[in-house]
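Inspection log for the structure reproduced underneath, given as structure tokens.
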Amino acid sequence: MKKKAIVALSGGVDSAVAAAILLEQGWEVAGLTMEVVTPECFETGQNRLGVESGKASREARKVADFLKIPFFSVNFTKEFREKVIQSFFSEYLSGRTPNPCVVCNRFIKFGILQEEALKLGADLFATGHYARIFHENDRYLLKKGIDEKKDQSYFLFSLQQEQLARTIFPLGSLTKDEVRRMAQKMGLPSPDRSESQDICFIPDQDYIGFLESELHIKGTAGNIVHVSGKVLGPHQGTYRYTVGQRKGLGIAWPQPLYVIRVDAEAKQVVVGEKMYLEVFEMQVQDVNWVAQPLTGSIRCKCRIRYRHQEAPASVVPLEDGRADVFFDEPQAGVTPGQGAVFYQEDLVLGGGWIR
RNA sequence: UGGGGCGUAGCCAAGUGGUAAGGCACCGGAUUUUGAUUCCGGCAUACCCAGGUUCGAACCCUGGCGCCCCAG
């Protein structure tokens, strides 16, 4: 009997090609899509997001129909809100900068969506991620995608072994160009869509407006303070700022100023010249060791944000899932709330959250 | 109302006779499955106002207006 794979279809090119590849390889394939942003579920009750309910499913269904594969859709609006959006809120309110994609992958996409796929009878769950999984010595290893420019392993650092075990990434050994050409050759419908980007649940990209309307908050004012202690002016809420931010400070200063620190409790945004952004060490928490649990310190390369030029560092594991990271060269913009991922060549050793 | 200084875009600011640097902010675009960063482009027919000198003035002269500092 044919092995069955269920592909998480987004309606975009990548997941469509992933499904096509599996079909070619002889899998029995079905498509599965989740709805995570049906507007009526938001408290406002208004469609301020401009998202049509069920849009994701409609787009994905077109692809499934084209490929002539069965299609399923689930509504995870509630779960998504509880897991992803809630933490998105609380992180911003505590002065940190969340990375909702990582949370979504851990709990939603490779969590309940994957479970849904298994319930539907799938042997494996597939997505269009540019990353690779290898099974060695009873361990499922996560590696970068071949296409360095598109590698998405960063967003997957918190996946558990069971999750990796049931996953397949058909695009991991392809480049984006190859995928595009395949899509064209297959005559996939409307690949005119631009790359998916920005926070998926905030289509207008106005995350500040989203926070304010959803949380009913409005400018808990405080001060923007220079690292020297000099008060430079007021701000309308610390959640509007993130470490490393340069634009939007609204302050006239001889040199470009960057956000160095956000102190939600003191309602203070500390800014300074670029040099103050440079940091030699940091601590991460809730570390997930993908390759193998780390017992002693190790040399590796650390990426502190998506598409960050990974930096040589030494990592020292601590208790409670924490670890100290010491960079060889100072890094600009170490931002609490962002993920830090440790690599050795293509291999993802693991990753944690910057404190 | 004695002395001194200043007045250039939303802000800071260069330019002291030859036809308005730069930075911040702002706007647009590129890059990007998070937030940022980064990159490219745009952004004063105009230099407090009014006269004058000059081929030519933000820059020189005269007179106003406004602001700041030190003295009353």
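Every chain in the structure tokens has a letter given in the order shown (A, B, ...), and although residue numbers restart at 1 in each chain, ligands are simply numbered from 1 in the order shown.
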* When the cut-off is 8 Å and we count only C-alpha atoms (C1' of nucleotides), which residues of chain B are near chain A, given as a ChimeraX atom specification? -> /B:11-12,23-25,32-37
Please dump the current selection as a PDB file, in the first residue's frame; keep N, CA, C and O atoms (P, O5', C5', C4', C3', O3' and C1' of nucleotides).
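Result file is out_20.pdb:
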```
ATOM      1  P     C B  11      11.652  73.810  13.153  1.00  0.00           P
ATOM      2  O5'   C B  11      12.519  72.635  13.790  1.00  0.00           O
ATOM      3  C5'   C B  11      12.354  72.262  15.146  1.00  0.00           C
ATOM      4  C4'   C B  11      13.380  71.224  15.516  1.00  0.00           C
ATOM      5  C3'   C B  11      14.828  71.670  15.397  1.00  0.00           C
ATOM      6  O3'   C B  11      15.245  72.381  16.555  1.00  0.00           O
ATOM      7  C1'   C B  11      14.587  69.548  14.389  1.00  0.00           C
ATOM      8  P     C B  12      16.384  73.508  16.414  1.00  0.00           P
ATOM      9  O5'   C B  12      17.691  72.639  16.098  1.00  0.00           O
ATOM     10  C5'   C B  12      18.338  71.939  17.142  1.00  0.00           C
ATOM     11  C4'   C B  12      19.517  71.172  16.599  1.00  0.00           C
ATOM     12  C3'   C B  12      20.611  71.972  15.899  1.00  0.00           C
ATOM     13  O3'   C B  12      21.467  72.643  16.803  1.00  0.00           O
ATOM     14  C1'   C B  12      20.181  70.005  14.687  1.00  0.00           C
ATOM     15  P     G B  23      23.434  62.398   5.288  1.00  0.00           P
ATOM     16  O5'   G B  23      23.141  62.536   6.840  1.00  0.00           O
ATOM     17  C5'   G B  23      24.076  62.050   7.788  1.00  0.00           C
ATOM     18  C4'   G B  23      23.616  62.409   9.168  1.00  0.00           C
ATOM     19  C3'   G B  23      22.170  62.080   9.483  1.00  0.00           C
ATOM     20  O3'   G B  23      21.975  60.719   9.790  1.00  0.00           O
ATOM     21  C1'   G B  23      22.632  64.262  10.226  1.00  0.00           C
ATOM     22  P     C B  24      20.607  60.050   9.480  1.00  0.00           P
ATOM     23  O5'   C B  24      19.627  60.696  10.542  1.00  0.00           O
ATOM     24  C5'   C B  24      19.863  60.526  11.936  1.00  0.00           C
ATOM     25  C4'   C B  24      18.865  61.339  12.722  1.00  0.00           C
ATOM     26  C3'   C B  24      17.403  61.060  12.406  1.00  0.00           C
ATOM     27  O3'   C B  24      16.935  59.901  13.060  1.00  0.00           O
ATOM     28  C1'   C B  24      17.760  63.388  12.519  1.00  0.00           C
ATOM     29  P     A B  25      15.826  58.990  12.370  1.00  0.00           P
ATOM     30  O5'   A B  25      14.609  60.010  12.173  1.00  0.00           O
ATOM     31  C5'   A B  25      13.868  60.453  13.299  1.00  0.00           C
ATOM     32  C4'   A B  25      12.814  61.430  12.848  1.00  0.00           C
ATOM     33  C3'   A B  25      11.886  60.944  11.747  1.00  0.00           C
ATOM     34  O3'   A B  25      10.854  60.128  12.256  1.00  0.00           O
ATOM     35  C1'   A B  25      12.600  63.140  11.256  1.00  0.00           C
ATOM     36  P     U B  32      14.169  38.579  -0.515  1.00  0.00           P
ATOM     37  O5'   U B  32      13.763  38.497   1.011  1.00  0.00           O
ATOM     38  C5'   U B  32      14.713  38.107   1.982  1.00  0.00           C
ATOM     39  C4'   U B  32      14.099  38.223   3.351  1.00  0.00           C
ATOM     40  C3'   U B  32      12.739  37.539   3.479  1.00  0.00           C
ATOM     41  O3'   U B  32      12.915  36.157   3.751  1.00  0.00           O
ATOM     42  C1'   U B  32      12.676  39.707   4.455  1.00  0.00           C
ATOM     43  P     U B  33      12.075  35.106   2.924  1.00  0.00           P
ATOM     44  O5'   U B  33      10.793  34.881   3.808  1.00  0.00           O
ATOM     45  C5'   U B  33      10.887  34.639   5.152  1.00  0.00           C
ATOM     46  C4'   U B  33       9.546  34.919   5.759  1.00  0.00           C
ATOM     47  C3'   U B  33       9.552  34.670   7.252  1.00  0.00           C
ATOM     48  O3'   U B  33      10.022  35.801   7.998  1.00  0.00           O
ATOM     49  C1'   U B  33       7.717  33.522   6.232  1.00  0.00           C
ATOM     50  P     U B  34       9.542  37.304   8.013  1.00  0.00           P
ATOM     51  O5'   U B  34       9.013  37.445   9.506  1.00  0.00           O
ATOM     52  C5'   U B  34       7.825  36.881   9.977  1.00  0.00           C
ATOM     53  C4'   U B  34       7.587  37.494  11.326  1.00  0.00           C
ATOM     54  C3'   U B  34       8.159  38.906  11.472  1.00  0.00           C
ATOM     55  O3'   U B  34       7.278  39.873  10.934  1.00  0.00           O
ATOM     56  C1'   U B  34       8.814  37.601  13.303  1.00  0.00           C
ATOM     57  P     G B  35       7.852  41.292  10.471  1.00  0.00           P
ATOM     58  O5'   G B  35       8.275  41.989  11.827  1.00  0.00           O
ATOM     59  C5'   G B  35       7.285  42.347  12.786  1.00  0.00           C
ATOM     60  C4'   G B  35       7.962  42.943  13.988  1.00  0.00           C
ATOM     61  C3'   G B  35       8.943  44.064  13.682  1.00  0.00           C
ATOM     62  O3'   G B  35       8.256  45.283  13.519  1.00  0.00           O
ATOM     63  C1'   G B  35       9.931  42.553  15.180  1.00  0.00           C
ATOM     64  P     A B  36       8.892  46.454  12.673  1.00  0.00           P
ATOM     65  O5'   A B  36      10.359  46.517  13.256  1.00  0.00           O
ATOM     66  C5'   A B  36      11.381  47.213  12.617  1.00  0.00           C
ATOM     67  C4'   A B  36      12.609  47.052  13.473  1.00  0.00           C
ATOM     68  C3'   A B  36      13.911  47.476  12.837  1.00  0.00           C
ATOM     69  O3'   A B  36      14.096  48.873  12.968  1.00  0.00           O
ATOM     70  C1'   A B  36      14.176  45.328  13.766  1.00  0.00           C
ATOM     71  P     U B  37      14.586  49.717  11.707  1.00  0.00           P
ATOM     72  O5'   U B  37      16.064  49.170  11.484  1.00  0.00           O
ATOM     73  C5'   U B  37      17.020  49.222  12.539  1.00  0.00           C
ATOM     74  C4'   U B  37      18.171  48.308  12.211  1.00  0.00           C
ATOM     75  C3'   U B  37      18.932  48.646  10.941  1.00  0.00           C
ATOM     76  O3'   U B  37      19.899  49.644  11.184  1.00  0.00           O
ATOM     77  C1'   U B  37      18.452  46.338  10.973  1.00  0.00           C
TER      78        U B  37
END
```
* To do: Within 12 Å of C61 in chain B, counting only C-alpha atoms (C1' of nucleotides), which residues show up once you throw out same-chain ones fewer than 4 positions away? Write them as a list of chain:residue names, please.
  =>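 Residues near the query, excluding close chain neighbours: B:G51, B:G52, B:U53, B:U54, B:A57.
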Residues near G56 in chain B, cut-off 8 Å, only C-alpha atoms (C1' of nucleotides), skip fewer than 6 positions along chain, as an mmCIF file with N, CA and C atoms (P, O5', C5', C4', C3', O3' and C1' of nucleotides), in the first residue's frame:
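What landed in out_13.cif:
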```cif
data_model
loop_
_atom_site.group_PDB
_atom_site.id
_atom_site.type_symbol
_atom_site.label_atom_id
_atom_site.label_comp_id
_atom_site.auth_asym_id
_atom_site.auth_seq_id
_atom_site.Cartn_x
_atom_site.Cartn_y
_atom_site.Cartn_z
ATOM 1 P P G B 17 34.071 85.471 1.613
ATOM 2 O "O5'" G B 17 33.150 85.709 0.335
ATOM 3 C "C5'" G B 17 31.747 85.487 0.468
ATOM 4 C "C4'" G B 17 31.107 85.697 -0.834
ATOM 5 C "C3'" G B 17 31.788 85.179 -2.095
ATOM 6 O "O3'" G B 17 31.331 83.852 -2.271
ATOM 7 C "C1'" G B 17 30.629 87.248 -2.449
ATOM 8 P P G B 18 32.336 82.777 -2.942
ATOM 9 O "O5'" G B 18 31.412 82.096 -4.066
ATOM 10 C "C5'" G B 18 30.029 81.843 -3.809
ATOM 11 C "C4'" G B 18 29.300 81.868 -5.153
ATOM 12 C "C3'" G B 18 29.741 80.741 -6.089
ATOM 13 O "O3'" G B 18 28.671 79.790 -6.048
ATOM 14 C "C1'" G B 18 29.756 82.903 -7.189
ATOM 15 P P U B 19 28.940 78.393 -6.735
ATOM 16 O "O5'" U B 19 27.443 77.824 -6.853
ATOM 17 C "C5'" U B 19 26.556 77.923 -5.719
ATOM 18 C "C4'" U B 19 25.406 78.840 -6.061
ATOM 19 C "C3'" U B 19 24.321 78.220 -6.939
ATOM 20 O "O3'" U B 19 23.222 77.970 -6.084
ATOM 21 C "C1'" U B 19 24.873 80.490 -7.559
#
```
* Pick from B:C49, B:C69, B:A20, B:G41 nearest to U8 in chain B, counting only C-alpha atoms (C1' of nucleotides) ->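 The answer is B:A20, which sits nearest to U8 in chain B.
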* Asked: Where in range 138-346 of chain A does DSSP assign strand (DSSP E or B), given as a PyMOL selection string?
  -> chain A and resi 139-144+167-168+222-226+231-235+258-263+268-272+278-289+298-303+311-317+323-332+339-344
* To do: Would you list, as a ChimeraX atom specification, the residues of range 36-274 of chain A that end up in alpha helix (DSSP H) under DSSP run on this structure's backbone?
  => /A:55-67,77-80,86-93,100-103,114-119,161-165,176-186,207-215
Now that the selection is made, can you save its residues with C-alpha atoms as a CSV table (one decimal), in the first residue's frame?
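Saved as selection_30.csv:
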```csv
chain,number,residue,atom,x,y,z
A,55,LYS,CA,-9.4,32.8,2.4
A,56,ALA,CA,-6.5,30.5,3.2
A,57,SER,CA,-8.7,27.5,2.5
A,58,ARG,CA,-9.9,28.8,-0.8
A,59,GLU,CA,-6.5,29.5,-2.0
A,60,ALA,CA,-5.2,26.2,-0.9
A,61,ARG,CA,-8.1,24.3,-2.4
A,62,LYS,CA,-7.3,25.7,-5.8
A,63,VAL,CA,-3.9,24.1,-5.5
A,64,ALA,CA,-5.3,20.8,-4.3
A,65,ASP,CA,-7.8,20.8,-7.1
A,66,PHE,CA,-5.1,21.5,-9.6
A,67,LEU,CA,-3.0,18.6,-8.3
A,77,THR,CA,-8.5,30.3,15.2
A,78,LYS,CA,-9.1,29.7,18.8
A,79,GLU,CA,-6.0,27.6,19.4
A,80,PHE,CA,-3.9,30.0,17.4
A,86,GLN,CA,-1.6,35.7,23.5
A,87,SER,CA,2.1,35.2,23.9
A,88,PHE,CA,2.6,37.8,21.2
A,89,PHE,CA,0.7,40.2,23.3
A,90,SER,CA,2.3,39.4,26.6
A,91,GLU,CA,5.8,39.6,25.2
A,92,TYR,CA,5.2,43.0,23.8
A,93,LEU,CA,3.6,44.2,27.0
A,100,PRO,CA,5.3,34.4,16.7
A,101,CYS,CA,6.4,32.1,13.8
A,102,VAL,CA,8.5,30.0,16.0
A,103,VAL,CA,5.7,29.6,18.5
A,114,GLN,CA,0.3,17.8,12.4
A,115,GLU,CA,-1.8,15.8,14.7
A,116,GLU,CA,-4.8,16.5,12.5
A,117,ALA,CA,-2.8,15.1,9.6
A,118,LEU,CA,-2.1,11.9,11.5
A,119,LYS,CA,-5.7,11.6,12.4
A,161,GLN,CA,11.9,14.9,18.3
A,162,GLU,CA,8.4,13.4,17.8
A,163,GLN,CA,7.5,16.3,15.6
A,164,LEU,CA,10.5,16.0,13.4
A,165,ALA,CA,10.0,12.2,13.3
A,176,LYS,CA,14.0,28.7,-4.5
A,177,ASP,CA,14.8,29.1,-8.2
A,178,GLU,CA,14.4,25.4,-8.8
A,179,VAL,CA,11.1,25.4,-7.0
A,180,ARG,CA,9.9,28.4,-9.1
A,181,ARG,CA,10.9,26.7,-12.3
A,182,MET,CA,9.1,23.5,-11.3
A,183,ALA,CA,6.0,25.5,-10.5
A,184,GLN,CA,6.1,27.2,-13.8
A,185,LYS,CA,6.7,23.9,-15.6
A,186,MET,CA,3.8,22.3,-13.9
A,207,TYR,CA,1.2,45.6,14.6
A,208,ILE,CA,1.0,48.6,16.9
A,209,GLY,CA,-2.5,49.3,15.8
A,210,PHE,CA,-3.3,45.6,16.2
A,211,LEU,CA,-2.0,45.6,19.8
A,212,GLU,CA,-3.9,48.7,20.7
A,213,SER,CA,-7.2,47.7,19.2
A,214,GLU,CA,-7.1,44.2,20.5
A,215,LEU,CA,-5.9,45.0,24.0
```
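By chain and then residue number, the residues within 10 Å of A9 in chain B are C11, C43, A44, A46 and C47 of chain B, counting only C-alpha atoms (C1' of nucleotides) and disregarding those fewer than 2 positions away in sequence.
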* To do: Please provide the set of residues having any atom within 9 Å of Leu294 in chain A, restricted to only C-alpha atoms (C1' of nucleotides), with same-chain residues fewer than 5 positions apart removed, written as a ChimeraX atom specification.
  => /A:289,316-317,349
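Our summary of the geometry notes that C1' of G72 in chain B is positioned 25.7 Å from C1' of G7 in chain B.
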* Give me the residues within 12 Å of Leu142 in chain A as number ranges by chain, counting only C-alpha atoms (C1' of nucleotides) and dropping any in the same chain fewer than 4 places off. => A: 129-136, 151-161, 163-165, 167-169, 172, 289-292, 341-351
* Structure fact -> A straight line from CA of Val269 in chain A to CA of Leu232 in chain A spans 10.1 Å
* Near-Met282 in chain A list (9 Å; only C-alpha atoms (C1' of nucleotides); drop same-chain fewer than 2 positions) as an MDAnalysis selection string -> chainID A and resid 279:280 284 323:327 334 354:355
